[in-house]
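This is structure09.csv (CSV, C-alpha atoms and all ligand atoms).
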chain,number,residue,atom,x,y,z
A,1,MET,CA,219.1,202.5,25.3
A,2,GLY,CA,219.7,200.4,22.2
A,3,ASN,CA,223.4,200.2,22.5
A,4,TYR,CA,223.9,199.5,26.2
A,5,ILE,CA,225.8,196.8,27.8
A,6,ARG,CA,226.1,195.9,31.4
A,7,ARG,CA,227.9,192.7,32.3
A,8,TYR,CA,230.5,190.8,34.3
A,9,ILE,CA,233.1,188.8,32.5
A,10,VAL,CA,234.1,186.0,34.9
A,11,ALA,CA,237.4,184.2,35.4
A,12,PRO,CA,237.4,180.4,34.8
A,13,SER,CA,237.5,179.8,38.5
A,14,VAL,CA,234.0,181.3,39.0
A,15,THR,CA,231.3,178.5,39.0
A,16,ARG,CA,227.6,178.8,38.2
A,17,GLU,CA,226.9,178.2,41.9
A,18,ASP,CA,229.0,181.3,42.6
A,19,VAL,CA,226.8,183.3,40.3
A,20,ALA,CA,223.7,181.9,42.0
A,21,GLU,CA,225.2,182.9,45.4
A,22,LEU,CA,225.9,186.4,44.1
A,23,ALA,CA,222.2,186.7,43.1
A,24,CYS,CA,221.1,185.5,46.5
A,25,SER,CA,223.4,187.9,48.3
A,26,LEU,CA,222.0,190.9,46.3
A,27,ARG,CA,218.5,189.8,47.0
A,28,LYS,CA,219.2,190.0,50.7
A,29,GLY,CA,221.2,193.2,50.7
A,30,GLN,CA,219.0,195.7,48.8
A,31,LYS,CA,215.5,196.3,47.4
A,32,LYS,CA,216.0,196.5,43.6
A,33,THR,CA,215.4,193.6,41.2
A,34,ALA,CA,218.0,192.1,38.7
A,35,VAL,CA,218.1,189.3,36.2
A,36,PHE,CA,221.6,187.8,35.7
A,37,THR,CA,222.1,185.8,32.5
A,38,LEU,CA,225.1,183.5,32.6
A,39,CYS,CA,226.3,183.0,29.1
A,40,ASP,CA,228.7,180.3,28.1
A,41,LEU,CA,229.7,178.5,24.9
A,42,GLU,CA,230.3,175.0,26.2
A,43,GLY,CA,228.8,172.5,23.8
A,44,LYS,CA,227.9,175.2,21.3
A,45,ARG,CA,229.0,175.2,17.7
A,46,VAL,CA,230.8,178.4,16.9
A,47,ARG,CA,232.1,179.5,13.6
A,48,LYS,CA,233.6,182.9,13.9
A,49,SER,CA,237.1,183.1,15.2
A,50,HIS,CA,236.5,185.6,18.0
A,51,ALA,CA,233.8,183.2,19.4
A,52,ARG,CA,236.0,180.1,18.9
A,53,LEU,CA,238.7,181.8,21.0
A,54,ALA,CA,236.2,182.6,23.8
A,55,LYS,CA,235.0,179.0,23.8
A,56,GLU,CA,238.5,177.7,23.9
A,57,LEU,CA,239.5,179.9,26.8
A,58,ASN,CA,236.2,179.1,28.7
A,59,VAL,CA,235.2,182.8,28.8
A,60,ARG,CA,231.7,183.3,30.3
A,61,ILE,CA,229.8,186.5,30.8
A,62,VAL,CA,227.0,187.4,33.0
A,63,GLU,CA,224.6,189.9,31.4
A,64,ILE,CA,223.0,192.2,34.0
A,65,ASP,CA,219.4,193.6,33.6
A,66,SER,CA,218.9,195.8,36.6
A,67,GLY,CA,218.7,199.3,38.1
A,68,ILE,CA,221.1,198.3,40.9
A,69,SER,CA,224.0,200.8,41.0
A,70,SER,CA,227.3,199.8,39.5
A,71,LYS,CA,229.0,200.5,42.8
A,72,LEU,CA,226.9,198.0,44.5
A,73,LEU,CA,227.2,195.4,41.7
A,74,ILE,CA,231.0,195.6,41.9
A,75,GLU,CA,231.0,195.5,45.8
A,76,ALA,CA,228.8,192.4,45.8
A,77,ALA,CA,230.8,190.6,43.2
A,78,GLU,CA,234.0,191.4,45.2
A,79,ASN,CA,232.5,190.0,48.3
A,80,VAL,CA,231.0,186.8,46.8
A,81,LEU,CA,233.2,186.0,43.8
A,82,GLY,CA,236.4,187.4,45.3
A,83,GLN,CA,238.9,190.1,44.2
A,84,ASN,CA,240.3,189.8,40.8
A,85,THR,CA,237.9,187.1,39.6
A,86,PHE,CA,235.7,189.3,37.4
A,87,LEU,CA,235.7,192.4,35.2
A,88,TYR,CA,232.6,194.7,35.4
A,89,ARG,CA,231.7,196.5,32.2
A,90,GLU,CA,229.0,199.1,31.6
A,91,LYS,CA,228.9,201.1,28.4
A,92,ASP,CA,226.5,203.0,26.2
A,93,ASP,CA,227.2,204.7,22.9
A,94,GLU,CA,227.5,208.1,24.5
A,95,ASP,CA,229.7,209.0,27.5
A,96,LEU,CA,229.1,206.1,29.9
A,97,SER,CA,232.0,203.8,30.1
A,98,ILE,CA,232.9,201.9,33.3
A,99,CYS,CA,235.5,199.1,33.2
A,100,HIS,CA,236.5,197.7,36.6
A,101,PRO,CA,239.3,196.9,37.4
A,102,ASP,CA,240.6,197.7,33.8
A,103,ALA,CA,240.9,196.2,30.3
A,104,LEU,CA,244.2,194.6,31.2
A,105,TRP,CA,242.4,192.2,33.5
A,106,LEU,CA,241.1,190.3,30.4
A,107,LYS,CA,244.6,189.9,28.9
A,108,ASN,CA,246.1,188.9,32.3
A,109,THR,CA,243.3,186.4,33.2
A,110,PHE,CA,242.9,184.7,29.9
A,111,ASN,CA,246.4,185.2,28.6
A,112,SER,CA,245.1,186.5,25.2
A,113,ASP,CA,244.8,189.7,23.3
A,114,GLY,CA,241.8,188.6,21.3
A,115,LEU,CA,239.0,189.2,23.7
A,116,SER,CA,238.6,193.0,23.8
A,117,TRP,CA,235.4,192.7,21.8
A,118,LEU,CA,233.7,191.5,25.0
A,119,LEU,CA,234.1,195.1,26.3
A,120,ASP,CA,231.9,196.6,23.6
A,121,ASN,CA,230.2,194.2,21.2
A,122,PHE,CA,226.8,195.5,20.4
A,123,PHE,CA,224.8,192.5,19.1
A,124,ASP,CA,226.3,192.3,15.6
A,125,ASP,CA,228.9,189.7,16.5
A,126,ASP,CA,227.3,188.2,19.6
A,127,PRO,CA,228.2,184.4,19.7
A,128,PRO,CA,225.4,181.9,20.2
A,129,TRP,CA,225.7,181.8,23.9
A,130,LYS,CA,224.0,179.2,26.0
A,131,ARG,CA,222.0,181.2,28.5
A,132,GLU,CA,220.8,180.6,32.0
A,133,ASN,CA,219.0,183.1,34.2
A,134,PHE,CA,219.4,183.9,37.9
A,135,TYR,CA,216.9,186.2,39.5
A,136,VAL,CA,217.5,188.8,42.2
A,137,LEU,CA,213.9,189.3,43.4
A,138,PRO,CA,213.7,191.1,46.8
A,139,GLY,CA,210.3,190.4,48.2
A,140,ASN,CA,210.5,186.6,47.6
A,141,PRO,CA,210.8,184.5,50.7
A,142,PRO,CA,214.5,184.3,51.7
A,143,GLU,CA,214.7,180.5,51.1
A,144,THR,CA,213.5,180.8,47.5
A,145,ASP,CA,215.8,179.3,44.8
A,146,CYS,CA,217.2,182.2,42.7
A,147,MET,CA,216.5,180.1,39.5
A,148,LEU,CA,212.7,180.5,40.1
A,149,PRO,CA,211.4,183.0,37.6
A,150,ILE,CA,208.6,184.3,39.7
A,151,HIS,CA,208.5,187.6,41.7
A,152,ALA,CA,206.2,187.7,44.6
A,153,ASN,CA,206.0,191.5,44.5
A,154,LEU,CA,204.2,191.4,41.2
A,155,LEU,CA,201.5,189.2,42.7
A,156,LYS,CA,200.4,191.6,45.5
A,157,PRO,CA,196.9,192.7,44.7
A,158,VAL,CA,196.2,196.4,44.7
A,159,LYS,CA,193.0,198.3,43.9
A,160,PRO,CA,193.2,201.7,42.2
A,161,GLY,CA,193.2,204.5,44.7
A,162,LYS,CA,195.2,202.4,47.3
A,163,LEU,CA,198.8,202.8,48.2
A,164,ARG,CA,201.0,200.5,46.1
A,165,ALA,CA,204.7,199.5,46.3
A,166,CYS,CA,206.6,199.5,43.1
A,167,PRO,CA,207.5,195.8,42.4
A,168,VAL,CA,210.9,196.8,41.1
A,169,CYS,CA,212.3,199.5,43.5
A,170,ASN,CA,209.8,199.3,46.3
A,171,THR,CA,208.8,203.0,46.3
A,172,LEU,CA,205.4,203.6,47.7
A,173,TYR,CA,202.9,205.7,45.7
A,174,MET,CA,199.3,206.1,45.0
A,175,SER,CA,197.3,206.2,41.8
A,176,LYS,CA,193.6,206.2,41.0
A,177,PHE,CA,194.3,204.5,37.7
A,178,PRO,CA,194.8,200.7,37.3
A,179,LEU,CA,197.9,201.3,35.2
A,180,ALA,CA,200.4,203.7,36.7
A,181,GLN,CA,204.1,204.6,36.7
A,182,CYS,CA,206.4,204.5,39.7
A,183,THR,CA,207.1,208.0,41.0
A,184,ASN,CA,210.8,207.3,41.6
A,185,PRO,CA,212.5,209.2,38.7
A,186,GLU,CA,215.3,206.6,38.4
A,187,CYS,CA,212.8,203.8,38.1
A,188,ARG,CA,209.5,204.8,36.4
A,189,PHE,CA,208.4,201.2,36.1
A,190,ALA,CA,204.9,201.1,34.8
A,191,THR,CA,202.6,198.5,36.2
A,192,ARG,CA,199.0,197.4,36.3
A,193,PRO,CA,198.7,195.3,39.5
A,194,PHE,CA,196.1,192.6,39.8
A,195,GLU,CA,193.1,193.8,41.8
A,196,THR,CA,192.4,190.5,43.5
A,197,ALA,CA,194.4,187.6,44.7
A,198,ARG,CA,192.3,185.3,42.6
A,199,GLU,CA,193.4,187.1,39.5
A,200,ALA,CA,197.1,187.3,40.6
A,201,TYR,CA,197.5,183.6,41.3
A,202,ARG,CA,195.8,182.4,38.2
A,203,ILE,CA,198.2,180.5,35.8
A,204,VAL,CA,197.2,181.1,32.2
A,205,LYS,CA,198.1,178.6,29.4
A,206,THR,CA,200.2,180.4,26.9
A,207,GLN,CA,201.3,179.0,23.5
A,208,VAL,CA,205.1,179.0,22.9
A,209,SER,CA,207.1,178.4,19.8
A,210,ASP,CA,209.7,175.6,19.4
A,211,ASP,CA,212.4,178.0,20.8
A,212,GLY,CA,210.2,178.8,23.8
A,213,TRP,CA,209.0,182.2,22.8
A,214,GLY,CA,205.5,183.2,23.9
A,215,ARG,CA,203.4,186.3,24.3
A,216,CYS,CA,201.9,187.4,27.6
A,217,PRO,CA,198.1,187.2,27.3
A,218,ARG,CA,197.6,190.1,29.6
A,219,CYS,CA,200.0,192.8,28.4
A,220,GLN,CA,201.2,191.3,25.1
A,221,MET,CA,204.9,191.5,25.9
A,222,GLY,CA,207.1,188.8,24.6
A,223,LYS,CA,208.9,186.3,26.8
A,224,THR,CA,211.3,183.4,26.2
A,225,PHE,CA,210.4,180.4,28.4
A,226,ALA,CA,213.0,178.2,29.9
A,227,PHE,CA,210.7,176.7,32.5
A,228,ARG,CA,207.1,175.3,32.1
A,229,ILE,CA,205.8,178.1,34.3
A,230,GLU,CA,207.1,181.6,33.9
A,231,GLN,CA,206.0,185.0,34.8
A,232,CYS,CA,205.6,188.1,32.7
A,233,PHE,CA,208.0,190.6,34.4
A,234,ASP,CA,206.1,193.5,32.9
A,235,CYS,CA,202.7,192.8,34.3
A,236,GLY,CA,203.1,189.8,36.7
A,237,GLN,CA,200.9,187.3,34.8
A,238,LEU,CA,201.8,183.7,35.6
A,239,MET,CA,201.9,181.6,32.4
A,240,LYS,CA,202.2,177.9,31.7
A,241,GLY,CA,203.9,177.3,28.3
A,242,TYR,CA,202.5,174.7,26.0
A,243,ASN,CA,202.5,173.7,22.3
A,244,ASP,CA,200.2,170.9,21.2
A,245,MET,CA,201.9,170.5,17.8
A,246,ILE,CA,205.6,170.4,18.6
A,247,LYS,CA,207.7,169.3,21.5
A,248,VAL,CA,209.1,172.3,23.4
A,249,ASP,CA,211.9,171.7,25.8
A,250,LEU,CA,210.9,173.4,29.0
A,251,LYS,CA,212.1,172.4,32.4
A,252,ASP,CA,209.3,171.3,34.7
A,253,ASN,CA,209.0,173.6,37.7
A,254,GLN,CA,205.3,173.1,38.5
A,255,GLU,CA,205.7,171.6,41.9
A,256,GLN,CA,208.3,174.2,42.9
A,257,VAL,CA,206.0,177.0,41.7
A,258,SER,CA,203.0,175.6,43.6
A,259,ASP,CA,205.0,175.4,46.8
A,260,PHE,CA,206.3,178.9,46.3
A,261,LEU,CA,202.8,180.3,45.6
A,262,ASN,CA,201.4,178.7,48.7
A,263,ARG,CA,204.2,180.2,50.9
A,264,VAL,CA,203.7,183.6,49.3
A,265,ARG,CA,199.9,183.5,49.7
A,266,ARG,CA,200.3,182.6,53.3
A,267,ALA,CA,202.8,185.4,53.9
A,268,GLN,CA,200.5,187.9,52.1
A,269,GLY,CA,197.6,186.8,54.3
A,270,ASN,CA,195.3,185.9,51.5
A,271,TYR,CA,193.2,183.2,52.9
A,272,TRP,CA,190.7,183.1,50.1
A,273,TRP,CA,192.6,180.2,48.5
A,274,LYS,CA,191.4,177.8,51.3
A,275,PHE,CA,188.0,177.9,49.8
A,276,TRP,CA,189.0,177.8,46.2
B,301,ZN,ZN,210.0,201.8,41.0
B,302,ZN,ZN,202.4,190.8,30.8
Represent the structure contained in this file as structure tokens.
Ligand SMILES: [Zn+2]
Ligand SMILES: [Zn+2]
Amino acid sequence: MGNYIRRYIVAPSVTREDVAELACSLRKGQKKTAVFTLCDLEGKRVRKSHARLAKELNVRIVEIDSGISSKLLIEAAENVLGQNTFLYREKDDEDLSICHPDALWLKNTFNSDGLSWLLDNFFDDDPPWKRENFYVLPGNPPETDCMLPIHANLLKPVKPGKLRACPVCNTLYMSKFPLAQCTNPECRFATRPFETAREAYRIVKTQVSDDGWGRCPRCQMGKTFAFRIEQCFDCGQLMKGYNDMIKVDLKDNQEQVSDFLNRVRRAQGNYWWKFW
């Protein structure tokens, strides 16, 4: 999956609030997760001419990390953003190539011939986008802000040998092992759920570098922090980013997270926390 892109390219009329609304609408409408990364070049210093042109024309893209079908992603964007306000592109380096409505949309919308690299750039020439994430996390309470980087489904405690719901696609399956793989062939998400609520809701201090990069203490996967508290989307571990030596610019979300966790705990019926 090295050379794989999946993205919306959005017209200048689409706002970041529209992208947030799109994430919320997908959270309501189906069961799979997604992370949308809105990329723009505002305030960024760009040297290469293709990137300068994109900045000048206010081109923004939304990278999509998700198992949601392209059909549904296109339908949802048409409903929320409106017809003709976006191009949906999905491509790998083999046969897969979806371009909706078509490549002409780029030329017509931005009145330029110089943007076709957006349809297939594979990392080499990627401009230094400013990135902001929006999360489609079904299972979170419906009022949850889609900027909150925490997925309630990853916090449901399960003991080995008990029925578990895949946090990503919601398929129910059983495994006698702590670490197991989702039985849905299109998903195969491997997870090691927490066995108790006490473990699940524990926030572990995690050292991050000056650009916000840290490593999950539970499963060792890397993660770039934008907020003070983030969650590992591989294993569910809640992490509080810190660095005692240098100042790292992380948005403070501690109050929001603690409200969220209280609501989720109540909804999941884990009353142990009253005595904690
Ligand atoms: Zn699954
Ligand atoms: Zn992890």
| query | Restricting the calculation to all atoms listed in the file, which member of A:Asn84, A:Asn133, A:Ser13, A:Asn3 is positioned closest to Thr37 (chain A)? | reply |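 Smallest separation from Thr37 (chain A) among the options: A:Asn133.
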| task | Using only C-alpha atoms and all ligand atoms, determine which residues fall within 10 Å of ligand ZN 301 (chain B), then list them as a ChimeraX atom specification. | result | /A:32-33,67,165-173,181-191
| said: ligand ZN 302 (chain B): which residues are within 12 Å, counting only C-alpha atoms and all ligand atoms? Reply as a PyMOL selection string. | reply: chain A and resi 154+190-194+200+204+206+214-223+230-239
| Å distance separating CA of Ser97 (chain A) from CA of Arg7 (chain A), one decimal place |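 Between these atoms lies a distance of 12.0 Å.
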Against region 19-25 of chain A, which residues of region 60-119 of chain A fall within 10 Å? For each one I want the closest pair of atoms and the distance in Å (one decimal), counting only C-alpha atoms, rows by chain and increasing residue number, as JSON lines.
{"residue": "A:Val62", "atom": "CA", "partner": "A:Val19", "partner_atom": "CA", "distance": 8.4}
{"residue": "A:Leu73", "atom": "CA", "partner": "A:Leu22", "partner_atom": "CA", "distance": 9.4}
{"residue": "A:Ala76", "atom": "CA", "partner": "A:Leu22", "partner_atom": "CA", "distance": 6.9}
{"residue": "A:Ala77", "atom": "CA", "partner": "A:Leu22", "partner_atom": "CA", "distance": 6.5}
{"residue": "A:Glu78", "atom": "CA", "partner": "A:Leu22", "partner_atom": "CA", "distance": 9.6}
{"residue": "A:Asn79", "atom": "CA", "partner": "A:Leu22", "partner_atom": "CA", "distance": 8.6}
{"residue": "A:Val80", "atom": "CA", "partner": "A:Leu22", "partner_atom": "CA", "distance": 5.8}
{"residue": "A:Leu81", "atom": "CA", "partner": "A:Leu22", "partner_atom": "CA", "distance": 7.3}
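In this model, the gap between CA of Thr15 (chain A) and CA of Arg60 (chain A) comes to 9.9 Å.
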| remark: CA of Ser70 (chain A) to CA of Tyr88 (chain A) measures 8.4 Å
| For Glu195 (chain A): contacts at 9 Å, only C-alpha atoms, fewer than 4 positions along chain excluded, given as a list in words | Lys156, Pro157, Val158, Lys159, Pro160, Pro178, Glu199 and Ala200 of chain A
Could you list, with a cut-off of 10 Å and counting only C-alpha atoms, the residues of region 6-91 of chain A near region 106-116 of chain A, each shown with its nearest atom pair and the distance in Å rounded to one decimal, rows sorted by chain and ascending number, as a tab-separated table?
residue	atom	partner	partner_atom	distance
A:Ile9	CA	A:Leu106	CA	8.4
A:Val10	CA	A:Thr109	CA	9.4
A:Ala11	CA	A:Thr109	CA	6.7
A:Pro12	CA	A:Phe110	CA	8.5
A:Ser49	CA	A:Gly114	CA	9.5
A:His50	CA	A:Gly114	CA	6.9
A:Ala51	CA	A:Leu115	CA	9.0
A:Leu53	CA	A:Gly114	CA	7.5
A:Ala54	CA	A:Leu115	CA	7.2
A:Leu57	CA	A:Phe110	CA	6.6
A:Asn58	CA	A:Phe110	CA	8.8
A:Val59	CA	A:Phe110	CA	8.0
A:Asn84	CA	A:Thr109	CA	8.8
A:Thr85	CA	A:Thr109	CA	8.4
A:Phe86	CA	A:Leu106	CA	8.9
A:Leu87	CA	A:Leu106	CA	7.5
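For the choices A:Leu155, A:Ala226, A:Ile5, A:Ile64, the atom-to-atom distance to Thr196 (chain A) is smallest for A:Leu155 when using only C-alpha atoms.
Closest approach to Gly139 (chain A) from the set A:Ser175, A:Gln30, A:Gln256, A:Asn262 is made by A:Gln30, with distances taken over only C-alpha atoms.
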| message | Just want the 8 Å neighbourhood of Val248 (chain A), counted on only C-alpha atoms, with same-chain residues fewer than 2 positions away dropped. Output as a ChimeraX atom specification. | response | /A:208-212,242-243,246,250
Using C-alpha atoms, can you export the residues from the last selection as a PDB file, in the frame of the given file?
ATOM      1  CA  VAL A 208     205.100 179.000  22.900  1.00  0.00           C
ATOM      2  CA  SER A 209     207.100 178.400  19.800  1.00  0.00           C
ATOM      3  CA  ASP A 210     209.700 175.600  19.400  1.00  0.00           C
ATOM      4  CA  ASP A 211     212.400 178.000  20.800  1.00  0.00           C
ATOM      5  CA  GLY A 212     210.200 178.800  23.800  1.00  0.00           C
ATOM      6  CA  TYR A 242     202.500 174.700  26.000  1.00  0.00           C
ATOM      7  CA  ASN A 243     202.500 173.700  22.300  1.00  0.00           C
ATOM      8  CA  ILE A 246     205.600 170.400  18.600  1.00  0.00           C
ATOM      9  CA  LEU A 250     210.900 173.400  29.000  1.00  0.00           C
TER      10      LEU A 250
END
| request: For each of A:Tyr135, A:Phe225, A:Phe260, A:Tyr201, take the minimum atom-to-atom distance to Ala34 (chain A), counting all atoms listed in the file, then give the residue where this is smallest. | output: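 Of A:Tyr135, A:Phe225, A:Phe260, A:Tyr201, the one nearest Ala34 (chain A) is A:Tyr135, counting all atoms listed in the file.
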| query | Quick one: of A:Arg89, A:Tyr4, A:Trp129, A:Lys251, who's nearest to Leu41 (chain A), counting all atoms listed in the file? | reply |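 Of the candidates, the smallest distance to Leu41 (chain A) is held by A:Trp129.
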| said: Counting all atoms listed in the file, which residue out of A:Ile229, A:Ala152, A:Ile68, A:Ala180 sits closest to Gly29 (chain A)? | reply: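 Selected residue with least distance to Gly29 (chain A): A:Ile68.
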| message | What's around Phe134 (chain A) at 6 Å? Count all atoms listed in the file, leave out sequence neighbours fewer than 5 positions away in its own chain, and write the answer as a PyMOL selection string. | response | chain A and resi 35-36+146-147
